[in-house]
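Source file: upload31.txt. Holds: compact mmCIF, C-alpha atoms.
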# COMPACT_ATOMS: atom_id res chain seq x y z
CA MET X 24 101.48 111.77 98.60
CA SER X 25 98.37 113.55 99.53
CA SER X 26 97.60 117.20 98.96
CA SER X 27 97.14 116.93 102.66
CA SER X 28 99.84 114.38 103.59
CA ILE X 29 103.27 114.92 104.99
CA SER X 30 104.82 111.43 104.68
CA LEU X 31 104.20 107.50 103.97
CA GLN X 32 105.23 104.65 101.48
CA ILE X 33 104.47 100.91 100.84
CA ILE X 34 106.12 98.06 98.86
CA PHE X 35 103.68 95.39 97.66
CA TRP X 36 106.26 94.79 99.24
CA LEU X 37 105.22 97.91 101.29
CA LEU X 38 107.56 100.76 102.23
CA ILE X 39 106.87 104.19 103.82
CA ILE X 40 107.61 107.79 102.57
CA SER X 41 105.79 111.07 102.87
CA PRO X 42 103.59 114.04 101.36
CA LEU X 43 100.09 115.22 102.02
CA ALA X 44 97.16 115.63 99.62
CA PHE X 45 93.38 116.17 99.99
CA SER X 46 91.51 114.50 97.50
CA ARG X 47 84.23 106.89 96.09
CA ILE X 48 83.67 103.35 95.80
CA LEU X 49 82.53 101.31 92.81
CA HIS X 50 82.83 97.55 92.36
CA THR X 51 83.20 95.26 95.36
CA THR X 52 85.25 92.09 95.47
CA ASN X 53 85.98 89.18 97.76
CA GLN X 54 89.55 88.46 96.74
CA THR X 55 92.24 89.29 99.26
CA LEU X 56 95.68 90.50 98.27
CA ILE X 57 98.28 90.59 101.02
CA PHE X 58 101.57 92.40 100.54
CA PRO X 59 104.72 92.94 102.63
CA LEU X 60 105.39 96.52 103.69
CA THR X 61 108.66 98.31 104.27
CA THR X 62 109.13 101.82 105.53
CA GLN X 63 111.86 104.28 104.26
CA ASN X 64 112.05 107.50 103.60
CA THR X 65 92.51 106.85 76.15
CA SER X 66 89.63 106.20 74.41
CA SER X 67 86.23 106.54 76.09
CA SER X 68 85.59 102.82 75.62
CA LEU X 69 88.25 102.14 78.26
CA LEU X 70 86.51 104.27 80.89
CA PHE X 71 84.38 101.56 82.46
CA GLU X 72 86.53 98.55 81.57
CA ARG X 73 87.66 98.01 85.19
CA SER X 74 88.93 94.46 85.72
CA ARG X 75 87.57 93.03 88.94
CA LEU X 76 89.34 90.86 91.50
CA VAL X 77 88.31 87.29 90.87
CA SER X 78 87.21 85.31 93.90
CA SER X 79 90.24 83.40 95.20
CA PRO X 80 92.22 82.67 98.38
CA PRO X 81 94.14 85.53 100.03
CA ILE X 82 97.33 86.84 98.46
CA LYS X 83 99.73 88.43 100.93
CA VAL X 84 102.77 90.70 100.50
CA PRO X 85 105.13 92.58 102.97
CA PHE X 86 106.35 96.24 103.11
CA THR X 87 108.97 98.45 104.76
CA HIS X 88 108.87 102.04 106.06
CA ASP X 89 110.81 104.99 107.41
CA VAL X 90 109.27 108.36 106.64
CA THR X 91 106.77 106.97 104.14
CA LEU X 92 105.28 103.60 102.99
CA THR X 93 106.43 102.11 99.66
CA VAL X 94 104.93 99.45 97.39
CA SER X 95 106.73 97.34 94.82
CA LEU X 96 104.67 96.28 91.80
CA THR X 97 104.96 96.24 88.01
CA ALA X 98 103.56 98.37 85.20
CA GLY X 99 103.58 98.13 81.43
CA SER X 100 104.01 95.42 78.79
CA PRO X 101 106.51 93.89 79.23
CA PRO X 102 106.29 94.60 82.97
CA GLN X 103 108.69 97.05 84.59
CA THR X 104 109.25 96.92 88.36
CA ILE X 105 108.28 100.16 90.08
CA GLN X 106 108.16 101.45 93.65
CA MET X 107 105.21 103.63 94.64
CA VAL X 108 104.52 105.55 97.85
CA LEU X 109 101.26 104.42 99.44
CA ASP X 110 99.18 107.50 100.20
CA THR X 111 95.63 107.28 101.54
CA GLY X 112 95.43 111.07 101.38
CA SER X 113 95.78 111.38 97.58
CA GLU X 114 93.75 110.47 94.53
CA LEU X 115 96.11 111.00 91.62
CA SER X 116 98.57 108.14 91.19
CA TRP X 117 101.64 109.01 89.18
CA LEU X 118 104.94 107.73 87.88
CA LYS X 119 108.08 109.60 86.88
CA CYS X 120 108.28 109.29 83.11
CA LYS X 121 111.19 111.61 82.39
CA GLN X 122 114.83 110.76 82.99
CA SER X 123 116.63 113.17 85.32
CA THR X 124 119.99 113.36 87.02
CA SER X 125 118.41 113.37 90.49
CA SER X 126 116.22 110.27 90.13
CA THR X 127 117.31 106.66 89.82
CA SER X 128 113.81 105.18 89.49
CA ILE X 129 111.98 105.98 86.23
CA TYR X 130 109.07 104.38 84.38
CA ASN X 131 109.95 104.07 80.70
CA HIS X 132 106.52 104.31 79.09
CA VAL X 133 108.04 104.27 75.59
CA LYS X 134 108.92 100.58 76.07
CA SER X 135 105.36 99.60 77.04
CA SER X 136 103.07 98.36 74.24
CA SER X 137 100.00 98.76 76.50
CA TYR X 138 100.66 102.44 77.31
CA SER X 139 98.31 105.08 75.96
CA ALA X 140 98.16 108.82 76.61
CA ILE X 141 94.69 110.22 77.33
CA PRO X 142 93.45 112.97 74.99
CA CYS X 143 91.66 116.06 76.23
CA SER X 144 88.35 114.88 74.75
CA SER X 145 88.30 111.58 76.69
CA PRO X 146 85.65 111.27 79.44
CA VAL X 147 88.50 110.07 81.66
CA CYS X 148 89.88 113.60 81.40
CA THR X 149 86.66 115.61 81.29
CA ILE X 150 84.61 113.65 83.88
CA GLN X 151 86.73 111.29 85.97
CA THR X 152 89.22 113.97 87.06
CA GLN X 153 86.55 116.19 88.63
CA ASP X 154 87.52 114.91 92.10
CA PHE X 155 91.10 116.16 91.75
CA SER X 156 92.15 118.97 94.07
CA LEU X 157 93.66 120.73 91.04
CA PRO X 158 91.45 120.53 87.90
CA ALA X 159 92.80 118.77 84.84
CA SER X 160 93.44 120.96 81.80
CA CYS X 161 94.23 120.50 78.11
CA ASP X 162 97.78 120.73 76.81
CA LYS X 163 97.07 122.61 73.58
CA LYS X 164 100.38 121.60 71.98
CA THR X 165 99.81 117.86 72.32
CA ASN X 166 96.00 117.74 72.83
CA LEU X 167 96.67 115.56 75.88
CA CYS X 168 95.03 115.71 79.31
CA HIS X 169 97.32 117.67 81.63
CA VAL X 170 97.30 116.94 85.39
CA ALA X 171 99.09 118.45 88.35
CA ALA X 172 99.21 118.01 92.12
CA SER X 173 100.74 120.01 94.94
CA TYR X 174 101.42 118.80 98.46
CA ALA X 175 101.50 120.33 101.93
CA ASP X 176 105.26 119.82 102.22
CA GLY X 177 105.77 122.22 99.30
CA SER X 178 106.44 119.63 96.58
CA SER X 179 104.50 119.43 93.32
CA VAL X 180 104.25 117.35 90.13
CA GLU X 181 102.73 117.78 86.68
CA GLY X 182 102.46 115.80 83.48
CA ASN X 183 99.93 114.05 81.24
CA LEU X 184 97.20 111.61 82.21
CA ALA X 185 97.76 108.14 80.74
CA GLN X 186 96.70 104.51 81.07
CA ASP X 187 98.66 101.28 81.29
CA THR X 188 98.58 97.77 82.75
CA PHE X 189 99.49 97.44 86.45
CA THR X 190 100.15 94.12 88.18
CA ILE X 191 99.94 93.81 91.97
CA GLY X 192 100.74 90.34 93.27
CA SER X 193 98.89 88.01 90.91
CA SER X 194 96.23 90.57 90.01
CA THR X 195 96.48 92.55 86.75
CA ARG X 196 94.64 95.80 86.09
CA ARG X 197 94.47 96.94 82.48
CA ALA X 198 93.80 100.53 81.43
CA THR X 199 94.66 101.92 84.87
CA SER X 200 94.80 105.71 84.81
CA PHE X 201 97.79 107.54 86.26
CA GLY X 202 99.84 110.67 85.76
CA CYS X 203 102.89 110.25 83.54
CA ILE X 204 104.97 112.98 85.21
CA ASP X 205 107.71 114.99 83.57
CA VAL X 206 108.00 117.96 85.95
CA ILE X 207 108.74 117.45 89.67
CA SER X 208 109.52 119.98 92.35
CA SER X 209 110.63 118.10 95.46
CA THR X 210 111.44 119.24 98.97
CA ARG X 211 113.01 115.82 99.73
CA PRO X 212 114.90 115.02 96.52
CA GLU X 213 117.13 112.32 98.02
CA GLU X 214 114.17 110.39 99.42
CA ASP X 215 111.92 110.93 96.42
CA ALA X 216 114.68 109.74 94.07
CA LYS X 217 114.36 106.23 95.57
CA THR X 218 110.79 105.71 94.38
CA THR X 219 109.12 105.73 90.97
CA GLY X 220 105.94 107.47 91.99
CA LEU X 221 102.92 107.62 94.24
CA MET X 222 99.83 105.42 94.65
CA GLY X 223 96.73 107.46 95.48
CA MET X 224 94.45 105.44 97.78
CA ASN X 225 91.73 107.89 98.82
CA ARG X 226 88.01 107.75 97.88
CA GLY X 227 88.19 109.71 94.64
CA ARG X 228 87.02 108.21 91.36
CA LEU X 229 90.48 107.70 89.87
CA SER X 230 92.20 106.47 93.03
CA PHE X 231 93.74 102.98 92.99
CA VAL X 232 91.07 101.91 95.49
CA ASN X 233 88.31 102.60 92.97
CA GLN X 234 90.17 101.52 89.87
CA MET X 235 90.96 98.19 91.56
CA GLY X 236 87.35 97.80 92.69
CA LEU X 237 88.28 97.37 96.37
CA SER X 238 85.62 97.15 99.07
CA LYS X 239 88.16 96.77 101.88
CA PHE X 240 91.87 97.10 102.56
CA SER X 241 94.04 97.01 105.68
CA TYR X 242 97.60 97.53 106.78
CA CYS X 243 99.76 97.03 109.84
CA ILE X 244 103.01 98.99 110.30
CA SER X 245 105.67 97.47 112.55
CA GLY X 246 107.32 99.76 115.08
CA SER X 247 110.33 97.50 115.64
CA ASP X 248 111.85 96.55 112.30
CA SER X 249 110.40 98.96 109.73
CA THR X 250 108.27 96.30 108.07
CA GLY X 251 104.58 95.64 107.77
CA VAL X 252 101.87 94.10 105.67
CA LEU X 253 99.25 95.45 103.30
CA VAL X 254 96.08 93.45 102.70
CA LEU X 255 93.75 94.16 99.79
CA GLY X 256 90.44 92.49 100.58
CA GLU X 257 89.39 90.48 103.66
CA SER X 258 91.95 89.71 106.32
CA SER X 259 92.03 87.51 109.39
CA PHE X 260 94.67 85.73 111.44
CA PRO X 261 94.64 84.09 114.90
CA SER X 262 96.28 86.87 116.91
CA LEU X 263 94.28 89.78 115.49
CA PRO X 264 92.21 91.25 118.35
CA PRO X 265 88.66 92.49 117.75
CA LEU X 266 88.52 95.77 115.88
CA LYS X 267 86.58 98.77 117.14
CA TYR X 268 84.95 100.81 114.40
CA THR X 269 84.28 104.44 113.78
CA PRO X 270 81.98 105.55 110.94
CA LEU X 271 83.47 107.17 107.86
CA VAL X 272 82.05 110.65 107.36
CA ASN X 273 80.63 111.23 103.89
CA LEU X 274 81.28 114.83 102.92
CA THR X 275 79.37 116.35 100.02
CA ASP X 276 79.81 120.06 100.61
CA ARG X 277 82.43 121.90 98.59
CA LEU X 278 83.99 124.05 101.29
CA PRO X 279 87.40 125.77 100.96
CA TYR X 280 89.17 123.67 103.59
CA THR X 281 87.38 120.36 103.06
CA ASP X 282 88.82 117.28 101.34
CA ARG X 283 85.65 115.41 100.36
CA PHE X 284 87.52 112.22 99.42
CA ALA X 285 89.77 111.79 102.44
CA TYR X 286 89.13 109.10 105.08
CA THR X 287 87.30 111.39 107.47
CA VAL X 288 86.11 110.45 110.97
CA ASN X 289 84.54 112.31 113.92
CA PHE X 290 87.05 113.27 116.62
CA GLU X 291 85.56 112.93 120.14
CA GLY X 292 88.39 113.77 122.54
CA ILE X 293 91.84 113.01 123.98
CA ARG X 294 93.02 111.29 127.17
CA VAL X 295 96.49 111.66 128.64
CA GLY X 296 96.98 108.72 130.97
CA SER X 297 93.57 108.44 132.66
CA LYS X 298 92.75 112.14 132.38
CA LEU X 299 90.21 113.29 129.80
CA LEU X 300 91.33 116.66 128.49
CA PRO X 301 88.91 119.61 128.83
CA ILE X 302 88.59 120.26 125.11
CA PRO X 303 85.47 122.17 124.00
CA ARG X 304 83.50 120.14 121.46
CA SER X 305 83.46 123.15 119.17
CA ASP X 306 87.25 122.78 118.81
CA LEU X 307 86.92 119.19 117.52
CA ILE X 308 84.26 119.58 114.84
CA ARG X 309 84.35 121.08 111.36
CA GLY X 310 83.74 124.78 111.08
CA GLN X 311 81.53 126.54 108.53
CA SER X 312 84.44 126.90 106.10
CA GLY X 313 85.41 123.22 106.42
CA THR X 314 88.30 123.66 108.82
CA GLY X 315 88.74 121.05 111.53
CA GLN X 316 88.27 117.92 109.40
CA THR X 317 89.81 114.79 111.00
CA MET X 318 91.58 112.42 108.59
CA LEU X 319 93.65 109.23 108.72
CA ASP X 320 96.55 109.61 106.31
CA SER X 321 99.27 107.08 105.54
CA GLY X 322 101.16 109.72 103.58
CA THR X 323 101.78 111.98 106.59
CA GLN X 324 104.43 110.96 109.08
CA PHE X 325 103.36 112.67 112.30
CA THR X 326 99.99 113.70 113.75
CA PHE X 327 98.83 117.30 113.41
CA LEU X 328 96.27 118.85 115.76
CA ARG X 329 94.61 122.21 115.36
CA SER X 330 96.20 124.83 117.54
CA PRO X 331 93.64 125.13 120.41
CA VAL X 332 93.58 121.35 120.88
CA TYR X 333 97.34 120.99 120.50
CA LYS X 334 98.00 123.60 123.19
CA ILE X 335 95.75 121.80 125.71
CA LEU X 336 97.50 118.49 124.97
CA LYS X 337 100.95 120.09 125.15
CA THR X 338 100.22 121.63 128.54
CA GLU X 339 98.91 118.38 130.05
CA PHE X 340 101.67 116.15 128.63
CA THR X 341 104.31 118.59 129.93
CA GLU X 342 102.71 118.58 133.38
CA GLN X 343 102.48 114.77 133.57
CA THR X 344 106.10 114.25 132.44
CA LYS X 345 107.90 117.02 134.36
CA SER X 346 109.54 114.48 136.68
CA VAL X 347 110.86 112.48 133.73
CA LEU X 348 111.55 114.99 130.94
CA THR X 349 113.23 118.41 130.79
CA VAL X 350 111.67 120.82 128.31
CA ASP X 351 114.13 122.48 125.91
CA PRO X 352 112.36 125.53 124.39
CA SER X 353 115.28 126.20 122.02
CA ILE X 354 114.28 123.28 119.78
CA VAL X 355 111.56 123.25 117.14
CA PHE X 356 111.63 120.12 114.99
CA GLU X 357 110.08 120.45 111.54
CA ALA X 358 106.86 122.44 111.26
CA GLY X 359 104.82 122.66 114.44
CA MET X 360 106.76 120.20 116.63
CA ASP X 361 107.68 122.72 119.30
CA LEU X 362 107.49 120.57 122.45
CA CYS X 363 110.99 119.14 122.72
CA PHE X 364 112.99 117.69 125.58
CA ARG X 365 116.63 117.40 126.64
CA VAL X 366 117.36 113.91 127.96
CA GLY X 367 121.15 113.96 128.25
CA SER X 368 123.24 110.80 128.24
CA THR X 369 120.93 108.84 130.54
CA GLN X 370 118.68 106.14 129.10
CA LEU X 371 115.11 107.36 128.81
CA ASP X 372 112.52 105.08 130.41
CA PHE X 373 109.64 105.32 127.92
CA SER X 374 107.42 103.22 130.18
CA LYS X 375 107.11 106.20 132.54
CA LEU X 376 105.42 108.32 129.89
CA PRO X 377 101.62 108.59 129.99
CA ALA X 378 99.80 107.19 126.96
CA VAL X 379 97.92 109.62 124.73
CA THR X 380 94.61 108.20 123.47
CA LEU X 381 92.70 109.69 120.54
CA MET X 382 88.98 108.98 120.85
CA PHE X 383 86.61 108.68 117.88
CA ASN X 384 82.87 108.39 117.40
CA GLY X 385 81.57 104.84 117.95
CA GLY X 386 84.15 103.91 120.59
CA ALA X 387 87.20 103.38 118.39
CA GLU X 388 90.43 104.64 119.92
CA LEU X 389 94.02 105.01 118.83
CA THR X 390 96.52 104.78 121.68
CA VAL X 391 99.97 106.32 121.40
CA SER X 392 102.44 105.16 124.02
CA GLY X 393 106.10 104.50 124.70
CA GLN X 394 108.56 105.36 121.98
CA LYS X 395 105.81 106.50 119.62
CA LEU X 396 105.39 109.59 121.82
CA LEU X 397 108.86 111.00 121.25
CA TYR X 398 111.01 111.29 118.14
CA PRO X 399 114.83 111.61 118.41
CA VAL X 400 116.13 114.86 116.96
CA PRO X 401 118.66 114.02 114.21
CA GLY X 402 122.23 115.03 115.01
CA SER X 403 121.67 115.61 118.72
CA GLY X 404 124.57 113.29 119.59
CA SER X 405 125.15 111.90 123.09
CA LYS X 406 123.05 114.67 124.67
CA LYS X 407 119.91 113.22 123.24
CA LYS X 408 116.98 115.44 122.44
CA TYR X 409 113.47 114.29 121.61
CA CYS X 410 110.36 116.04 120.33
CA PHE X 411 106.73 115.25 121.02
CA THR X 412 105.26 113.48 117.99
CA PHE X 413 102.08 115.53 118.01
CA ALA X 414 102.44 118.79 116.11
CA ASN X 415 100.65 122.13 115.98
CA SER X 416 98.92 122.37 112.60
CA GLU X 417 99.00 126.17 112.52
CA PRO X 418 102.74 126.67 111.72
CA ALA X 419 102.44 123.95 109.06
CA GLY X 420 99.56 125.79 107.40
CA ILE X 421 97.18 122.87 107.93
CA GLU X 422 93.51 123.58 108.75
CA ALA X 423 92.71 120.00 109.81
CA PHE X 424 93.45 117.16 112.21
CA ILE X 425 95.68 114.59 110.47
CA ILE X 426 96.51 111.21 112.03
CA GLY X 427 99.89 110.26 110.56
CA ASN X 428 101.57 106.91 109.98
CA HIS X 429 103.97 107.17 112.94
CA HIS X 430 101.05 106.86 115.35
CA GLN X 431 99.58 104.00 113.31
CA GLN X 432 102.55 101.73 114.09
CA ASN X 433 101.52 98.44 115.73
CA VAL X 434 97.89 99.30 115.05
CA TRP X 435 95.79 97.23 112.67
CA VAL X 436 93.98 99.75 110.47
CA GLU X 437 91.07 98.50 108.34
CA TYR X 438 89.33 100.64 105.71
CA ASP X 439 85.91 99.00 105.22
CA LEU X 440 84.60 100.96 102.26
CA ALA X 441 81.51 98.82 101.67
CA HIS X 442 80.22 99.52 105.19
CA LYS X 443 81.69 103.01 105.39
CA LYS X 444 83.75 102.56 108.54
CA ILE X 445 87.32 102.34 109.78
CA GLY X 446 88.42 99.65 112.22
CA LEU X 447 91.28 100.01 114.70
CA ALA X 448 93.01 97.45 116.92
CA ASN X 449 95.79 98.70 119.20
CA ASP X 450 98.87 96.86 120.47
CA VAL X 451 99.12 94.51 117.52
CA LYS X 452 102.59 93.04 116.99
CA CYS X 453 102.74 93.99 113.35
CA ASP X 454 106.02 92.19 112.68
CA HIS X 455 104.45 88.93 113.93
CA ALA X 456 101.21 89.63 112.10
CA SER X 457 103.16 90.11 108.87
CA GLN X 458 104.96 86.81 109.37
CA GLN X 459 101.70 84.97 110.07
CA LEU X 460 99.96 86.38 107.04
CA LEU X 461 102.90 86.01 104.68
CA ALA X 462 103.59 82.45 105.81
CA SER X 463 100.14 81.51 104.50
CA ARG X 464 100.55 83.59 101.34
CA ARG X 465 99.32 82.11 98.09
CA VAL X 466 100.45 83.89 94.95
Can the structure in the file be given as structure tokens, please?
Amino acid sequence: MSSSSISLQIIFWLLIISPLAFSRILHTTNQTLIFPLTTQNTSSSLLFERSRLVSSPPIKVPFTHDVTLTVSLTAGSPPQTIQMVLDTGSELSWLKCKQSTSSTSIYNHVKSSSYSAIPCSSPVCTIQTQDFSLPASCDKKTNLCHVAASYADGSSVEGNLAQDTFTIGSSTRRATSFGCIDVISSTRPEEDAKTTGLMGMNRGRLSFVNQMGLSKFSYCISGSDSTGVLVLGESSFPSLPPLKYTPLVNLTDRLPYTDRFAYTVNFEGIRVGSKLLPIPRSDLIRGQSGTGQTMLDSGTQFTFLRSPVYKILKTEFTEQTKSVLTVDPSIVFEAGMDLCFRVGSTQLDFSKLPAVTLMFNGGAELTVSGQKLLYPVPGSGSKKKYCFTFANSEPAGIEAFIIGNHHQQNVWVEYDLAHKKIGLANDVKCDHASQQLLASRRV
């Protein structure tokens, strides 16, 4: 989840789920960890004891997805298997630590000999949590570090900060900080009940990225079979096309609508088919209050555009598809997805739809085409109805551009933290890429 995410999960074995949170990079490493993806809906002496990835051949693991990305790994001593939502828009990682009637996946910290709660006086609490979107506080009754997070979809969590041993593939991380959560308010209880928690992967000090000492990670989400692959470290395989890079924007100002630790890039424009949209540059850049930030977020399902930009795109896409699609103004799907179409019982030819290309500084582009452009409205029956997968951020209360996981399907996405850039390669067959990488996996 991300205080600015709406949906995405991974299973190390990767899976996909959802939320939205707005939340740096320490040690580098040259080990590669590769995981399968699936999509579906202490004491101060421990502070700097971050185990580093030892140089070794790549380790690869798959994932699955639906609404979010989910990772399967273990935590505790002895190890307990857990499923965590992969969220590049959040810093705080957390696990459900309290049994409830609505959740079937719980982390039993009482059974772990390596578990330790973090007291209020620990530098982990007083210093390391300063990047959190909601400041940590002290639980006066227990003298433990209290943490909380709220997300754009209306859900929230709170509990105590703790540390334990986490094992991902063959790599073990001791004294990893996370939130041991005992209060959850969920807007998607059935989906959230399937997972144990959330893995924060943004650039904040206590994110998994920093605690694992990663200098690079990548993922590829399949659009055909709800699978994918997550790679921690370097990655290469024969069919991976050259990546085009866009610089990561380093934000230091503390503005009201700015997430300083998100994966922020500079948005340059949009093409529909071959037509470059007439979008004023002032509509694509951050304003004085921090609005208009552009972020890549694995924890958000769809892509949100600020209202002026969305309206220009909506008008042009409607014009270019009027011979193929019939607009149905009576439908609004979720927050901000107000461009919907009535298709009827005929088979929709997605190849007739113009591609929508998002353009970023440095020449990197993300192309959305075919079935990724339209999402079937649940329960529409034989008279099929679809909605445009770009949404207006204004009704959702979002003051930013957010590139969600749905539009990242069949795109190789590389987060090169050491060189402060993001690489994109379009039209990658992620199901084949996963098979190639996992076939050579060494655990």
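Across the model, the gap from atom CA of X:Cys120 to atom CA of X:Asn166 is 18.1 Å.
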Find the residues of stretch 396-430 of chain X that sit at most 12 Å from stretch 105-112 of chain X; for each, write down the nearest two atoms and how far apart they are in Å, to one decimal. Count all atoms listed in the file. Sort by chain, then by number going up, and give it as CSV.
residue,atom,partner,partner_atom,distance
X:Ile425,CA,X:Gly112,CA,9.8
X:Ile426,CA,X:Gly112,CA,10.7
X:Gly427,CA,X:Gly112,CA,10.2
X:Asn428,CA,X:Asp110,CA,10.1
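The spacing separating atom CA of X:Asp450 from atom CA of X:Ala378 amounts to 12.2 Å.
Of the residues under consideration (X:Leu271, X:Val379, X:Leu460, X:Ile354), X:Val379 shows the shortest atom-to-atom contact distance to X:Ser297 when counting only C-alpha atoms.
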Top pick for closest residue to X:Leu389, considering X:Ser416, X:Ser113, X:Thr269, X:Ser156 and counting only C-alpha atoms: X:Thr269
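One finds atom CA of X:Ala414 at 4.6 Å from atom CA of X:Met360.
Counting all atoms listed in the file and comparing X:Ile204, X:Ala456, X:Ala419, X:Leu255, the residue that lies closest to X:Arg329 is X:Ala419.
Minimum distance to X:Ser116 across X:Ser353, X:Thr341, X:Ser128, X:Ser230 (counting all atoms listed in the file) occurs at X:Ser230.
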Selection near X:Val391, 10 Å with all atoms listed in the file, sequence-local residues under 3 positions removed, as number ranges by chain: X: 295, 377-381, 388, 394-396, 412, 429-434, 449-450
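The shortest atom-to-atom distance to X:Thr219, with all atoms listed in the file taken into account, belongs to X:Gln122 out of X:Gln122, X:Val436, X:Leu447, X:Tyr174.
Among the candidates X:Lys134, X:Arg211, X:Lys239, X:Lys119, the residue lying nearest to X:Ile445 is X:Lys239 (atoms considered: all atoms listed in the file).
If you count all atoms listed in the file and ignore residues fewer than 3 places along the chain from X:Val451, what sits within 12 Å of it is Tyr242, Cys243, Ile244, Ser245, Gly246, Ser247, Gly251, Phe260, Pro261, Ser262, Leu263, Pro264, Pro265, Leu266, Leu389, Thr390, Gln431, Gln432, Asn433, Val434, Trp435, Val436, Leu447, Ala448, Asp454, His455, Ala456 and Ser457 of chain X.
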Exercise: X:Ser200 partners within 7 Å, only C-alpha atoms, chain neighbours under 4 positions left out, as a PyMOL selection string: chain X and resi 184-187+229
Selection: 9 Å around stretch 345-347 of chain X, all atoms listed in the file, excl. self and same-chain fewer than 3 positions, as an MDAnalysis selection string: chainID X and resid 340:342 350 366 371:372 375:376
